[in-house]
Every structure is written in C-alpha cells, then in structure tokens.
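The structure file work-v5.txt is reproduced below (compact mmCIF, C-alpha atoms and all ligand atoms).
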```
# COMPACT_ATOMS: atom_id res chain seq x y z
CA MET A 1 -72.90 -83.68 143.44
CA SER A 2 -72.47 -86.82 145.54
CA SER A 3 -69.67 -86.77 148.08
CA GLU A 4 -68.07 -89.89 146.59
CA ARG A 5 -67.78 -88.28 143.17
CA LYS A 6 -66.44 -85.08 144.62
CA GLU A 7 -63.75 -86.89 146.60
CA ILE A 8 -62.65 -88.99 143.61
CA LEU A 9 -62.57 -86.15 141.13
CA LYS A 10 -60.67 -83.85 143.43
CA HIS A 11 -57.61 -86.10 143.06
CA ALA A 12 -58.11 -87.17 139.44
CA LYS A 13 -55.34 -85.76 137.26
CA ARG A 14 -54.04 -88.83 135.43
CA ILE A 15 -56.94 -89.98 133.33
CA LEU A 16 -57.51 -92.99 131.12
CA ILE A 17 -60.29 -92.62 128.58
CA LYS A 18 -61.60 -95.62 126.71
CA ILE A 19 -63.62 -94.80 123.61
CA GLY A 20 -65.68 -97.61 122.12
CA SER A 21 -66.35 -98.30 118.42
CA GLY A 22 -70.05 -97.62 119.03
CA VAL A 23 -69.18 -94.05 120.02
CA LEU A 24 -66.61 -93.34 117.31
CA THR A 25 -68.32 -94.82 114.31
CA GLY A 26 -71.66 -94.14 112.68
CA GLU A 27 -73.40 -95.07 109.44
CA ASN A 28 -70.54 -93.66 107.36
CA GLY A 29 -67.53 -94.97 109.23
CA LEU A 30 -65.64 -92.76 111.68
CA ASP A 31 -67.89 -90.04 113.04
CA LEU A 32 -65.62 -87.04 112.71
CA ALA A 33 -67.93 -84.67 114.57
CA ILE A 34 -68.09 -86.92 117.64
CA ILE A 35 -64.33 -87.46 117.61
CA GLU A 36 -63.77 -83.72 117.33
CA ASN A 37 -66.05 -83.07 120.32
CA ILE A 38 -64.25 -85.58 122.49
CA VAL A 39 -60.82 -84.34 121.39
CA ASP A 40 -61.81 -80.70 122.06
CA GLU A 41 -62.74 -81.64 125.58
CA ILE A 42 -59.62 -83.71 126.22
CA ALA A 43 -57.52 -80.85 124.86
CA ALA A 44 -59.23 -78.30 127.12
CA PHE A 45 -58.59 -80.42 130.21
CA THR A 46 -55.02 -81.16 129.12
CA LYS A 47 -54.37 -77.41 129.06
CA GLN A 48 -55.62 -77.28 132.66
CA GLY A 49 -52.93 -79.76 133.70
CA TYR A 50 -54.72 -83.10 133.38
CA GLN A 51 -52.82 -85.97 131.74
CA PHE A 52 -54.72 -88.23 129.35
CA VAL A 53 -54.15 -91.62 127.85
CA VAL A 54 -56.73 -92.72 125.28
CA VAL A 55 -57.63 -96.33 124.54
CA SER A 56 -59.47 -96.14 121.26
CA SER A 57 -61.34 -98.78 119.32
CA GLY A 58 -62.62 -98.11 115.82
CA ALA A 59 -59.91 -99.62 113.63
CA ILE A 60 -61.92 -102.60 112.45
CA ALA A 61 -65.17 -100.64 112.10
CA SER A 62 -63.39 -97.90 110.15
CA GLY A 63 -61.62 -100.37 107.84
CA ARG A 64 -64.88 -102.16 107.21
CA HIS A 65 -66.59 -98.93 106.13
CA ARG A 66 -63.60 -97.94 104.02
CA MET A 67 -63.97 -101.20 102.11
CA GLY A 68 -67.69 -100.58 101.69
CA PHE A 69 -68.73 -103.74 103.54
CA LYS A 70 -72.17 -103.60 105.08
CA HIS A 71 -72.00 -106.89 106.98
CA LYS A 72 -70.30 -107.47 110.32
CA LEU A 73 -66.94 -109.15 109.73
CA GLN A 74 -66.82 -112.68 111.09
CA SER A 75 -63.47 -114.31 110.43
CA LEU A 76 -60.22 -113.34 112.12
CA PRO A 77 -58.31 -112.62 108.86
CA GLU A 78 -61.12 -110.28 107.78
CA LYS A 79 -60.95 -108.39 111.07
CA GLN A 80 -57.15 -108.27 110.99
CA ALA A 81 -57.19 -106.92 107.44
CA ALA A 82 -59.89 -104.36 108.24
CA ALA A 83 -57.91 -103.19 111.28
CA ALA A 84 -54.82 -102.74 109.09
CA ILE A 85 -56.87 -100.43 106.86
CA GLY A 86 -58.71 -98.61 109.63
CA GLN A 87 -55.95 -98.06 112.21
CA GLY A 88 -54.03 -95.61 110.04
CA ARG A 89 -57.14 -93.65 109.29
CA LEU A 90 -58.10 -93.61 112.96
CA MET A 91 -54.71 -92.16 113.89
CA ARG A 92 -54.87 -89.57 111.12
CA VAL A 93 -58.19 -88.35 112.46
CA TYR A 94 -56.84 -88.13 116.03
CA SER A 95 -53.65 -86.50 114.87
CA ASN A 96 -55.55 -83.84 112.89
CA SER A 97 -58.06 -83.18 115.66
CA PHE A 98 -55.48 -82.90 118.45
CA GLY A 99 -53.21 -80.96 116.08
CA LYS A 100 -55.79 -78.15 115.99
CA HIS A 101 -55.03 -77.69 119.70
CA GLU A 102 -51.30 -78.03 119.10
CA LEU A 103 -51.20 -81.35 120.83
CA ILE A 104 -49.15 -84.28 119.60
CA VAL A 105 -50.45 -87.84 119.61
CA ALA A 106 -48.55 -91.14 119.75
CA GLN A 107 -49.75 -94.54 118.62
CA MET A 108 -49.23 -97.58 120.84
CA LEU A 109 -50.46 -100.92 119.53
CA LEU A 110 -50.32 -103.76 122.00
CA THR A 111 -51.21 -107.40 122.37
CA MET A 112 -51.69 -109.31 125.58
CA SER A 113 -48.24 -110.87 125.20
CA ASP A 114 -46.70 -107.41 125.53
CA LEU A 115 -48.03 -107.27 129.05
CA THR A 116 -47.72 -110.84 130.27
CA GLU A 117 -43.94 -110.74 130.01
CA ARG A 118 -42.71 -108.61 132.90
CA THR A 119 -39.91 -106.86 130.98
CA ARG A 120 -42.21 -105.86 128.13
CA PHE A 121 -44.82 -104.77 130.66
CA LEU A 122 -42.26 -102.49 132.30
CA ASN A 123 -41.09 -101.15 128.92
CA THR A 124 -44.67 -100.35 127.96
CA ARG A 125 -44.92 -98.41 131.21
CA ASN A 126 -41.67 -96.53 130.53
CA THR A 127 -42.83 -95.48 127.06
CA LEU A 128 -46.17 -94.35 128.40
CA ASN A 129 -44.59 -92.33 131.19
CA MET A 130 -42.13 -90.67 128.79
CA LEU A 131 -44.95 -89.66 126.44
CA LEU A 132 -46.95 -88.22 129.32
CA GLU A 133 -43.92 -86.34 130.57
CA TRP A 134 -43.53 -84.84 127.08
CA GLY A 135 -47.17 -83.75 127.13
CA VAL A 136 -48.06 -86.12 124.28
CA ILE A 137 -51.40 -87.96 124.18
CA PRO A 138 -50.86 -91.72 123.80
CA ILE A 139 -53.59 -93.40 121.74
CA ILE A 140 -53.65 -97.11 122.40
CA ASN A 141 -55.38 -99.96 120.61
CA GLU A 142 -55.05 -103.70 120.39
CA ASN A 143 -52.58 -104.66 117.65
CA ASP A 144 -55.43 -106.31 115.79
CA THR A 145 -53.48 -107.19 112.66
CA VAL A 146 -51.29 -109.67 114.52
CA ALA A 147 -53.42 -110.57 117.53
CA VAL A 148 -54.74 -114.11 117.49
CA GLU A 149 -56.88 -115.73 120.16
CA GLU A 150 -53.99 -116.86 122.38
CA ILE A 151 -52.48 -113.40 122.79
CA LYS A 152 -55.57 -111.22 122.47
CA PHE A 153 -57.02 -108.83 125.00
CA GLY A 154 -60.28 -109.73 123.30
CA ASP A 155 -61.82 -106.32 123.70
CA ASN A 156 -60.65 -102.84 124.54
CA ASP A 157 -62.47 -102.81 127.88
CA ASN A 158 -60.00 -105.46 128.95
CA LEU A 159 -57.05 -103.67 127.36
CA ALA A 160 -58.05 -100.42 129.09
CA SER A 161 -58.36 -102.12 132.47
CA MET A 162 -54.75 -103.28 132.16
CA MET A 163 -53.53 -99.89 130.98
CA ALA A 164 -55.17 -98.28 134.02
CA ASN A 165 -52.88 -100.43 136.16
CA ILE A 166 -49.79 -99.69 134.09
CA MET A 167 -50.22 -95.93 134.02
CA GLU A 168 -51.58 -95.79 137.59
CA ALA A 169 -54.59 -93.84 136.42
CA ASN A 170 -56.65 -91.90 138.95
CA ILE A 171 -59.83 -92.82 137.06
CA LEU A 172 -60.86 -94.80 134.00
CA ILE A 173 -63.61 -93.11 132.01
CA ASN A 174 -65.35 -95.54 129.67
CA LEU A 175 -67.17 -93.68 126.89
CA THR A 176 -69.91 -95.93 125.55
CA ASN A 177 -73.04 -95.74 123.46
CA THR A 178 -75.32 -96.19 126.48
CA ASP A 179 -76.03 -93.91 129.45
CA GLY A 180 -74.41 -96.30 131.90
CA LEU A 181 -75.33 -99.56 133.61
CA TYR A 182 -79.04 -100.30 133.96
CA ASP A 183 -80.66 -102.74 136.36
CA GLY A 184 -82.30 -104.42 133.33
CA ASN A 185 -82.18 -104.04 129.58
CA PRO A 186 -81.90 -100.28 128.84
CA LYS A 187 -84.12 -100.69 125.78
CA ASP A 188 -86.95 -101.49 128.16
CA LYS A 189 -86.99 -97.92 129.49
CA LYS A 190 -90.10 -98.30 131.64
CA LYS A 191 -88.84 -101.19 133.66
CA SER A 192 -85.13 -100.55 133.97
CA LYS A 193 -83.34 -97.82 135.87
CA LEU A 194 -79.84 -96.44 135.55
CA ILE A 195 -77.57 -97.40 138.47
CA PRO A 196 -75.61 -94.23 139.35
CA LEU A 197 -73.23 -95.73 141.91
CA VAL A 198 -71.80 -99.22 142.40
CA LYS A 199 -69.98 -99.72 145.69
CA ASP A 200 -69.53 -103.43 145.31
CA ILE A 201 -69.81 -105.60 142.19
CA THR A 202 -72.38 -108.09 143.43
CA ASP A 203 -73.99 -110.99 141.56
CA ASP A 204 -76.98 -108.71 140.84
CA ILE A 205 -74.72 -106.16 139.16
CA GLU A 206 -73.14 -108.87 137.02
CA LYS A 207 -76.58 -110.16 136.10
CA ALA A 208 -77.75 -106.68 135.10
CA ALA A 209 -74.76 -106.40 132.76
CA SER A 210 -74.89 -109.80 131.18
CA SER A 211 -77.97 -109.27 129.04
CA VAL A 212 -76.83 -106.35 126.93
CA ALA A 213 -74.43 -106.76 124.01
CA ASP A 214 -72.75 -104.03 122.01
CA PRO A 215 -73.77 -104.20 118.34
CA VAL A 216 -70.66 -102.43 117.02
CA GLY A 217 -67.73 -103.06 119.37
CA MET A 218 -66.65 -106.32 120.84
CA GLY A 219 -67.31 -105.77 124.49
CA GLY A 220 -70.85 -104.99 125.53
CA MET A 221 -71.83 -104.22 129.10
CA LYS A 222 -70.65 -107.54 130.47
CA SER A 223 -67.05 -106.87 129.52
CA LYS A 224 -67.33 -103.38 131.03
CA VAL A 225 -68.32 -104.82 134.38
CA ILE A 226 -65.50 -107.39 134.20
CA ALA A 227 -63.16 -104.48 133.46
CA ALA A 228 -64.65 -102.51 136.35
CA ARG A 229 -63.86 -105.40 138.67
CA LYS A 230 -60.22 -105.44 137.61
CA VAL A 231 -59.80 -101.69 137.75
CA THR A 232 -61.49 -101.20 141.12
CA ALA A 233 -59.42 -104.10 142.51
CA PHE A 234 -56.40 -101.96 141.77
CA GLY A 235 -57.93 -99.07 143.73
CA ILE A 236 -58.95 -97.09 140.64
CA PRO A 237 -62.49 -95.75 140.19
CA PHE A 238 -64.24 -96.64 136.93
CA ILE A 239 -67.06 -94.70 135.31
CA ILE A 240 -69.27 -95.62 132.35
CA VAL A 241 -70.74 -92.59 130.60
CA PRO A 242 -72.52 -91.77 127.33
CA GLY A 243 -69.67 -90.90 124.97
CA LYS A 244 -71.69 -89.13 122.31
CA LYS A 245 -73.08 -86.55 124.71
CA LYS A 246 -71.60 -83.11 124.11
CA GLY A 247 -69.65 -81.81 127.12
CA ILE A 248 -69.57 -85.22 128.76
CA LEU A 249 -66.08 -84.83 130.21
CA HIS A 250 -67.01 -81.49 131.65
CA GLU A 251 -69.98 -83.15 133.35
CA VAL A 252 -67.78 -85.92 134.70
CA PHE A 253 -65.13 -83.55 136.04
CA SER A 254 -67.65 -81.24 137.62
CA GLY A 255 -68.99 -84.24 139.53
CA GLU A 256 -72.42 -84.30 137.94
CA ASN A 257 -74.49 -87.39 138.47
CA VAL A 258 -73.90 -88.81 135.01
CA GLY A 259 -73.39 -92.49 134.07
CA THR A 260 -72.43 -95.25 136.48
CA LEU A 261 -69.53 -94.81 138.86
CA PHE A 262 -67.86 -97.92 140.31
CA LEU A 263 -66.02 -97.09 143.51
CA PRO A 264 -62.52 -98.49 144.05
CA MET A 265 -62.20 -101.43 146.38
CA GLU A 266 -60.94 -100.36 149.78
CA GLU A 267 -58.42 -103.15 150.07
CA HIS A 268 -56.75 -103.09 146.71
CA LEU A 269 -53.90 -104.99 145.17
CA LYS A 270 -50.43 -103.57 144.60
CA SER A 271 -49.33 -103.22 140.97
CA LYS A 272 -47.33 -106.45 140.82
CA LYS A 273 -50.08 -108.48 142.47
CA HIS A 274 -52.67 -106.98 140.19
CA TRP A 275 -50.52 -107.98 137.23
CA ILE A 276 -50.31 -111.53 138.57
CA ALA A 277 -54.02 -111.70 139.26
CA PHE A 278 -55.41 -110.12 136.14
CA THR A 279 -52.82 -110.04 133.36
CA LEU A 280 -51.17 -113.41 133.56
CA ARG A 281 -52.84 -116.58 132.34
CA SER A 282 -52.66 -119.44 134.77
CA ARG A 283 -50.54 -122.40 133.62
CA GLY A 284 -51.76 -124.94 136.15
CA LYS A 285 -53.46 -125.66 139.46
CA LEU A 286 -52.38 -126.44 142.98
CA TYR A 287 -54.92 -127.97 145.36
CA ILE A 288 -54.24 -126.75 148.87
CA ASP A 289 -55.34 -128.18 152.26
CA ASP A 290 -57.51 -126.16 154.65
CA GLY A 291 -54.69 -125.38 157.10
CA ALA A 292 -52.47 -123.84 154.43
CA ARG A 293 -55.42 -122.09 152.86
CA SER A 294 -56.30 -120.28 156.06
CA ALA A 295 -52.60 -119.49 156.74
CA ILE A 296 -52.58 -117.81 153.30
CA THR A 297 -55.95 -116.09 153.37
CA GLN A 298 -56.13 -115.15 157.08
CA GLN A 299 -52.52 -114.73 158.18
CA GLY A 300 -50.82 -113.51 155.01
CA LYS A 301 -48.45 -116.50 154.86
CA SER A 302 -46.61 -117.98 151.84
CA LEU A 303 -47.44 -121.39 150.38
CA LEU A 304 -45.14 -124.17 151.61
CA PRO A 305 -44.86 -127.72 150.21
CA GLY A 306 -46.67 -129.19 153.23
CA GLY A 307 -49.95 -127.52 152.26
CA VAL A 308 -50.10 -128.87 148.70
CA LEU A 309 -52.50 -131.76 148.15
CA ALA A 310 -52.27 -132.19 144.37
CA VAL A 311 -50.76 -130.62 141.24
CA GLU A 312 -52.44 -130.25 137.87
CA GLY A 313 -50.83 -129.08 134.61
CA ASP A 314 -47.32 -128.91 133.29
CA PHE A 315 -45.58 -125.71 134.33
CA SER A 316 -42.09 -124.38 134.96
CA VAL A 317 -40.40 -122.23 137.60
CA GLY A 318 -41.80 -118.68 137.54
CA ASP A 319 -45.09 -119.62 135.89
CA PRO A 320 -48.40 -118.27 137.20
CA VAL A 321 -50.48 -120.95 138.87
CA THR A 322 -53.94 -120.94 140.46
CA CYS A 323 -54.45 -122.14 144.05
CA LEU A 324 -57.68 -123.95 144.87
CA ASP A 325 -59.00 -125.48 148.07
CA ALA A 326 -59.96 -129.14 148.30
CA SER A 327 -63.48 -128.36 147.04
CA GLY A 328 -62.13 -126.67 143.90
CA GLN A 329 -62.74 -123.06 144.99
CA VAL A 330 -60.10 -120.68 143.62
CA PHE A 331 -58.60 -118.41 146.29
CA ALA A 332 -55.20 -117.26 145.03
CA LYS A 333 -52.82 -117.05 142.11
CA GLY A 334 -49.06 -116.76 142.25
CA LEU A 335 -45.70 -117.36 140.62
CA VAL A 336 -44.20 -120.71 141.55
CA ASN A 337 -40.64 -121.29 142.72
CA TYR A 338 -40.73 -124.91 141.60
CA SER A 339 -41.86 -126.74 138.45
CA SER A 340 -45.00 -128.90 138.46
CA ARG A 341 -42.80 -131.99 138.36
CA ASP A 342 -40.84 -130.97 141.46
CA ILE A 343 -43.94 -129.83 143.34
CA ASP A 344 -45.48 -133.21 142.71
CA ARG A 345 -42.46 -134.81 144.38
CA ILE A 346 -42.38 -132.54 147.44
CA LYS A 347 -46.09 -131.97 147.98
CA GLY A 348 -47.25 -132.69 151.54
CA LEU A 349 -43.67 -132.74 152.85
CA LYS A 350 -42.04 -130.58 155.48
CA THR A 351 -39.79 -127.85 154.05
CA ALA A 352 -36.74 -129.52 155.63
CA LYS A 353 -37.26 -132.53 153.36
CA ILE A 354 -37.00 -130.58 150.05
CA LYS A 355 -33.24 -131.08 149.74
CA GLN A 356 -33.46 -134.78 150.49
CA VAL A 357 -36.02 -135.35 147.74
CA LEU A 358 -34.91 -132.92 145.04
CA GLY A 359 -31.20 -132.75 145.76
CA SER A 360 -31.33 -128.99 146.24
CA HIS A 361 -33.37 -126.51 148.26
CA PRO A 362 -33.46 -123.16 146.45
CA TYR A 363 -36.56 -121.85 148.24
CA ASP A 364 -38.65 -122.68 151.31
CA GLU A 365 -41.84 -121.55 149.63
CA ILE A 366 -43.71 -123.02 146.66
CA ILE A 367 -45.15 -119.51 146.15
CA HIS A 368 -43.76 -116.59 148.11
CA ARG A 369 -46.29 -114.21 149.56
CA ASP A 370 -44.88 -111.28 147.57
CA ASN A 371 -45.64 -113.13 144.36
CA MET A 372 -49.17 -114.13 145.27
CA ALA A 373 -52.50 -112.36 144.80
CA VAL A 374 -55.15 -113.58 147.18
CA SER A 375 -58.81 -113.01 146.61
CA LYS A 376 -61.81 -115.19 146.21
CA ASP A 377 -62.24 -114.74 142.48
CA ASN A 378 -59.02 -113.56 140.96
CA GLY A 379 -57.58 -116.66 139.52
CA LYS A 380 -59.26 -117.14 136.17
N1 LIG B 401 -59.51 -103.16 118.67
C1 LIG B 401 -60.74 -103.13 117.98
C2 LIG B 401 -60.76 -102.01 116.94
O1 LIG B 401 -60.06 -101.07 117.06
C3 LIG B 401 -61.96 -102.91 118.86
C4 LIG B 401 -62.07 -103.74 120.08
C5 LIG B 401 -63.35 -103.42 120.87
O2 LIG B 401 -64.34 -102.92 120.29
O3 LIG B 401 -63.36 -103.66 122.07
O4 LIG B 401 -61.46 -102.05 115.99
```
Since I need it in another form, could you write the structure as structure tokens?
Ligand code: GLU
Amino acid sequence: MSSERKEILKHAKRILIKIGSGVLTGENGLDLAIIENIVDEIAAFTKQGYQFVVVSSGAIASGRHRMGFKHKLQSLPEKQAAAAIGQGRLMRVYSNSFGKHELIVAQMLLTMSDLTERTRFLNTRNTLNMLLEWGVIPIINENDTVAVEEIKFGDNDNLASMMANIMEANILINLTNTDGLYDGNPKDKKKSKLIPLVKDITDDIEKAASSVADPVGMGGMKSKVIAARKVTAFGIPFIIVPGKKKGILHEVFSGENVGTLFLPMEEHLKSKKHWIAFTLRSRGKLYIDDGARSAITQQGKSLLPGGVLAVEGDFSVGDPVTCLDASGQVFAKGLVNYSSRDIDRIKGLKTAKIKQVLGSHPYDEIIHRDNMAVSKDNGK
C-alpha cells in the first residue's frame, strides 16, 4: 500500500462514485449482475458509516437496448427519447438492488443550468445534504431528456466533477471499463503501461489520455483527465478503476494499488472560486496589462479599472468573465462589478475617476478578489 493512498483513504468517508455506461451495460442492455455487485459493495460500506453519492450513466444505453436498436444513436432527439425510456428502468434496477440491503435511493436529474445559477447550485447542495443526512443514496444523472448543447454537462465525468465540489467529497471514484490511465493505448498491451499515481496533470498525461475513446459512454479517457483536473483543483483526490472487477471498492478502500490515483492539488480553490472557475461559462474577455496581472497573480490583489487594456463581449454586472494578459494568455476568471459597456468607458483610468465618467461609483474593483479564481488554465 503506498503511503499516499493510505493517507487519502484514512480520511475518506464522503464518497462520490461515478459509474460509466460501459460498466453498467452489456450486450443485452443493463448488466444486472454488475450493478448488483457494485450495489452490494456500496451497501456494505454504507453500513460501516461511509456516505455515498452515485453519478450513474446508462439511461441512453438502456433505452436504446429496450427499443431494440443495434446502432449508436446519433441525433439529440433520439438520445433524449432513449434517455426518457432508460432512466426509469435504471432507477428501478438501483432501487431494487439497494432495497435488498434496506437502503433507499433518490433520483436527482440535473443540467448544467442547475449549477450555473448560484441559488439553484445551493439548493442542489441542500437537497444532497438532506438525503445524505437521512441515509439515502442519491443517484444522479444528467437530465438528458431536456438537456441541449447550451446547458449540457456533455458527459457524466464532467457532471461528477461538479458534484464532487458540491457535496465536498473526500474522493471521487470513477468506475470505468478500463484498468486506469495508460501511458499509451491500453489495447497495445506490450507497449503501454498503467500509470498508478499522477501527482501533477502534465502535458504528457493529457497526451496519454487523448487517444482513447469510450465506445459506449460519452466521455472516454480524455474527459476523465479533464474531470481529474477540476476535482484535484478543489483538493479532492480522483481515482479511475476497473468498474466490472468484483470487490473493486474493497480494493480501493484497503489501499491496494489498483487503477490510477490523481492526487489533489496542494493549493486548491475554495468552493465558490471553484464554481467560478469550472462551472460558469465565461461571457466575455478582459485584456489586462502586465502590472495588474502580476498584482493579481503574485500579490493576491483585485482587478481595478487602471489595469484593463481592452474589453471583448457583451456582458452585464455579475457575469463571469475571463482575464487574459496582453499576449492572450488566460490567467483568471471572475464575476464583474461593471457591465462591458461601463468597463469600456473606465478602462485604463484611476479608480477615483469612475464617478466622473459613469456618474456613480458603486465599487472600486472591476473584479473583487473574493470573486476571482486565478490559475494559469482555469478560464475556459
Ligand atoms: N447521461 C448519459 C446516460 O445516462 C450518459 C453520459 C455519459 O456516458 O457520460 O445515458
């Protein structure tokens, strides 16, 4: 047992498990035996005092099998309709399997827009916490029947990474249909090796992940590594393990060297900043001069009008906006105190001039430090 694993698992009691379609479904739709195995394990650990939230895919795949379609569904209406068929079945299977252990399940279907609005984000968190307090197992999925491109998580790796933040999970366990992250294509067994521990998500790690797609689910390894980046940025460890393996959770919790463990980043973002950085979609851009950039990145200062070189986009007060340096490198994202129109009028000016130009001076800062996430690659 490596010391890192031991340390992480010692404190892990609030667990988020993401189960991919590739694990849950087989030739004949939902694989009841696999689901039963996973549920048995979750139930056993729940009885020992662990709290679990499950992010489960499988609605679309299950609906597709139920309809007898052999082909992969392409269009959005097809996927939405298949999810409407499959989601109910998926929940029935979970409900029956957990019911055997006298555990109650709850369904939570979300879209991205439920999390980008702060009040809904907080309500989602309240519901989740209440369910956990009641000893119920929340089963979460994207609300595929209504989700369109604009408001989609896209894949459940992304959805799970956001839930990890909301529930303040101690670890996110990603059950997949591979053994973990390989340094090449895992199908090429001779040449590629499993990476057991990732301390830092380097370009090489991203490259290793980019080649392998998931034939059943939506994510593939690339989206798992993107999710790992978000989750570890919040200070939460992330582990990718083979979900079909019997006793896999037992192996994880006894610290065995299974799968790929991504260690949490040492300097991690607080919940609100993580939400700004990773949940919100940027509505525009502010180009910032070098002086203001280093005041923000080195000295923890807020962004003042004097540091703004140019404004791009049409955004309102409170919108999330990306900050870039003069060369176009993104270094921060934050919620603005002024609209794009007003920033354009006060950019480059001393704070004392705001009132003179705009007629009022509600804030000194364009973005207050408390509403800004700073990191070299957070602002997508
Ligand atoms: N939400 C989708 C489903 O339940 C799956 C998304 C994914 O595979 O990441 O079918």
- Given all atoms listed in the file as the counted atoms, nearest of A:Gly135, A:Ser75, A:Asp157, A:Met130 to ligand LIG 401 (chain B): A:Asp157
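One distance worth recording is that between atom CA of A:Ala12 and atom CA of A:Pro196, which is 18.9 Å.
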Draw an axis-aligned box over all listed atoms of ligand LIG 401 (chain B), pad each side with 3 Å, and write its centre and edge lengths in Å, one decimal, as AutoDock Vina command-line options.
```
--center_x -61.9 --center_y -102.4 --center_z 119.0 --size_x 10.8 --size_y 8.7 --size_z 12.1
```
- Message: Given all atoms listed in the file as the basis, pick out the residue of A:Lys246, A:Arg369, A:Arg89, A:Lys10 nearest to ligand LIG 401 (chain B).
- Response: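 Closest to ligand LIG 401 (chain B) of all the choices is A:Arg89.
The coordinates place atom CA of A:Ala292 at 16.8 Å from atom CA of A:Ala352.
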- Close residues to ligand LIG 401 (chain B) using only C-alpha atoms and all ligand atoms, limit 9 Å, as a count of residues only: 36
- Test item: residues at most 9 Å from A:Ile38, all atoms listed in the file, excluding those fewer than 2 positions along its chain, as a list of chain:residue names: A:Ala33, A:Ile34, A:Ile35, A:Glu36, A:Asp40, A:Glu41, A:Ile42, A:Ala43, A:Gly243, A:Lys244, A:Lys246, A:Gly247, A:Ile248, A:Leu249
- Residues within 12 Å of A:Asn96, all atoms listed in the file, excluding chain neighbours under 3 positions, as JSON, numbers by chain: {"A": [32, 35, 36, 39, 40, 89, 90, 91, 92, 93, 99, 100, 101, 102, 103, 104, 105]}
